[in-house]
Amino acid sequence: MKRIALYLLSVFALLCAAVPTAVAAPGDGPPAPFAERFRAVQHGGFARAANAVITCGTAADDGAPDCADAQAGGTARSGQYAMAYIDTDDDANTYNSSSAELRLPPGSRVSYARLYWSANIRVGELKPSADNGRILLAEPGGRYKEVLADSPVGQHDSGEDSVFSASADVTALVRSAQPGAWTVGQINTAGGHSPEGGWGGWTLVVAYENPDEPLRELVLWDGLETVGQGRELSLAADGLDIPAGADGRLGLVAGGGDRGVDGDQVTVRVPGGPATPLADAANPAGDVLNGTVSDLGDPRTARTPAYAHTLGYDADVLDISHALTDGADGLGVGLGGGRDRYHLGAVFLQAAVRS
């Protein structure tokens, strides 16, 4: 039976008997260790829709770029602004909302769908945590439905920020929905200003089957782990059968990454091989978690609003095919932060396998 092992970079051997935890930084509460959520081998892949629900407002620091310039892709940090809510729906009862289109290849069937939402609730204000596990979700052309987290909500408070990550299985809803844009509202998110900065957003991750696509291994992990400033995290999948020259992609869902604060990197490694850094046009090798919602280097995903810079929320899909030149029977993913610090909520991997 195939086995998924999770381990830290500071540990020299894979731990098979227990789920590992990250080394906690001073003042942090307990993280929610990453664990495998879904795994399948099928013709198909992963798709996702994502967006932020908070953005820059007025500048709070001298020298901060104009908000519009920051949203267009300029180098800026959320901690330089009084952060303001995004609210794109026509419902006066919501204080934040945004939308994004989920695109599945024609003829696809949804195998599994999970909605993730996360935020910093300690900024200029401190939001109570009671609503962390509740959001509103509207399918394309539909009305809002209340969605409650169906797993324990990961949360920790460092004293400088208070971060949570929640998720729920929405397979039945996504499977029956028509194509189009999904809207998420009422994520428990704090606005205002603090040096750490406010951020919040959501990501819908969907595994689909499609007979016209290659046979692929799909793996989804989730939890809440803080990475960076001395903390690193590794994930590993073994029992793979990836042929030479296979295609592969890695998806990341995280909050709190600052554009222009260098050191955060993501690598993949095949057994016996070197760590291969991941990067693309939207995610530089030394600043991968930089406030982008991007697909293979393109931040122009179909979403409202479609800011090139989210100022703190990442939902990126990166190409890993260059690391699979010789094939592999396993794959490790390494995440580090350098001077930057970010909060990882989900990671998903797809790679073509032998049929």
# chains A, B, ... in the order shown; residues from 1 in each chain; ligands from 1

$ residues_around --residues "A:Arg216" --least-positions-apart "2" --cutoff "7 Å" --atoms "only C-alpha atoms" --output "MDAnalysis selection string"
chainID A and resid 41:45 214 218 350:353

$ residues_around --residues "A:Phe164" --least-positions-apart "3" --cutoff "8 Å" --atoms "only C-alpha atoms" --output "list in words"
Ser118, Ala119, Asn120, Ile121, Asn132, Val153, Gly154, Gln155, His156 and Leu224 of chain A

$ residues_around --residues "stretch 295-310 of chain A" --least-positions-apart "5" --cutoff "8 Å" --atoms "only C-alpha atoms" --output "count of residues only"
25

$ residues_around --residues "A:Asp326" --least-positions-apart "6" --cutoff "12 Å" --atoms "only C-alpha atoms" --output "PyMOL selection string"
chain A and resi 241-247+269-273

$ write_last_selection --atoms "C-alpha atoms" --output "compact mmCIF listing (two decimals), in the first residue's frame"
# COMPACT_ATOMS: atom_id res chain seq x y z
CA ASP A 241 5.99 5.52 -10.91
CA ILE A 242 6.90 8.65 -12.85
CA PRO A 243 8.47 8.01 -16.28
CA ALA A 244 11.33 10.07 -17.70
CA GLY A 245 10.16 13.36 -19.19
CA ALA A 246 6.80 13.32 -17.40
CA ASP A 247 4.81 16.49 -16.79
CA ARG A 269 13.80 16.50 -5.15
CA VAL A 270 13.75 13.01 -6.63
CA PRO A 271 15.45 10.28 -4.55
CA GLY A 272 19.21 10.50 -4.92
CA GLY A 273 19.02 13.79 -6.82

$ residues_around --residues "A:Gly57" --least-positions-apart "2" --cutoff "6 Å" --atoms "only C-alpha atoms" --output "PDB file with C-alpha atoms, in the first residue's frame"
ATOM      1  CA  ALA A  82      -4.234  50.154   6.415  1.00  0.00           C
ATOM      2  CA  MET A  83      -5.775  47.090   4.810  1.00  0.00           C
ATOM      3  CA  ALA A  84      -9.323  47.376   3.450  1.00  0.00           C
TER       4      ALA A  84
END

$ closest_residue --among "A:Asp238, A:Glu217, A:Asp91, A:Asp262" --to "A:Leu250" --atoms "only C-alpha atoms"
A:Glu217

$ decode --residues "stretch 201-241 of chain A" --atoms "C-alpha atoms" --output "short mmCIF file (atom, residue, chain, number, x, y, z; two decimals), in the first residue's frame"
data_model
loop_
_atom_site.label_atom_id
_atom_site.label_comp_id
_atom_site.auth_asym_id
_atom_site.auth_seq_id
_atom_site.Cartn_x
_atom_site.Cartn_y
_atom_site.Cartn_z
CA GLY A 201 -8.32 34.63 1.02
CA TRP A 202 -9.76 31.37 -0.24
CA THR A 203 -8.86 28.55 -2.61
CA LEU A 204 -11.08 25.87 -4.13
CA VAL A 205 -9.00 22.79 -5.01
CA VAL A 206 -10.66 20.25 -7.30
CA ALA A 207 -9.44 16.82 -8.41
CA TYR A 208 -11.07 15.75 -11.65
CA GLU A 209 -11.18 12.71 -13.92
CA ASN A 210 -10.99 13.08 -17.68
CA PRO A 211 -10.40 10.19 -20.13
CA ASP A 212 -8.55 12.48 -22.57
CA GLU A 213 -5.86 13.40 -20.02
CA PRO A 214 -2.76 11.39 -19.02
CA LEU A 215 -2.81 8.97 -16.10
CA ARG A 216 -1.57 10.99 -13.13
CA GLU A 217 -0.86 10.58 -9.44
CA LEU A 218 -2.69 13.23 -7.42
CA VAL A 219 -1.77 14.05 -3.82
CA LEU A 220 -3.27 16.74 -1.59
CA TRP A 221 -1.88 17.69 1.83
CA ASP A 222 -3.25 20.29 4.24
CA GLY A 223 -2.93 21.72 7.74
CA LEU A 224 -1.43 24.93 9.11
CA GLU A 225 2.33 25.33 9.33
CA THR A 226 4.37 28.52 9.61
CA VAL A 227 7.49 28.54 7.42
CA GLY A 228 10.42 30.94 7.39
CA GLN A 229 12.66 32.75 9.86
CA GLY A 230 14.29 29.51 10.95
CA ARG A 231 11.39 27.17 10.27
CA GLU A 232 11.36 24.81 7.30
CA LEU A 233 8.95 22.13 6.16
CA SER A 234 9.25 19.14 3.87
CA LEU A 235 6.65 16.84 2.36
CA ALA A 236 7.39 13.52 0.70
CA ALA A 237 5.47 11.10 -1.48
CA ASP A 238 6.86 7.66 -2.24
CA GLY A 239 5.55 4.70 -4.20
CA LEU A 240 5.36 6.79 -7.38
CA ASP A 241 5.99 5.52 -10.91
#
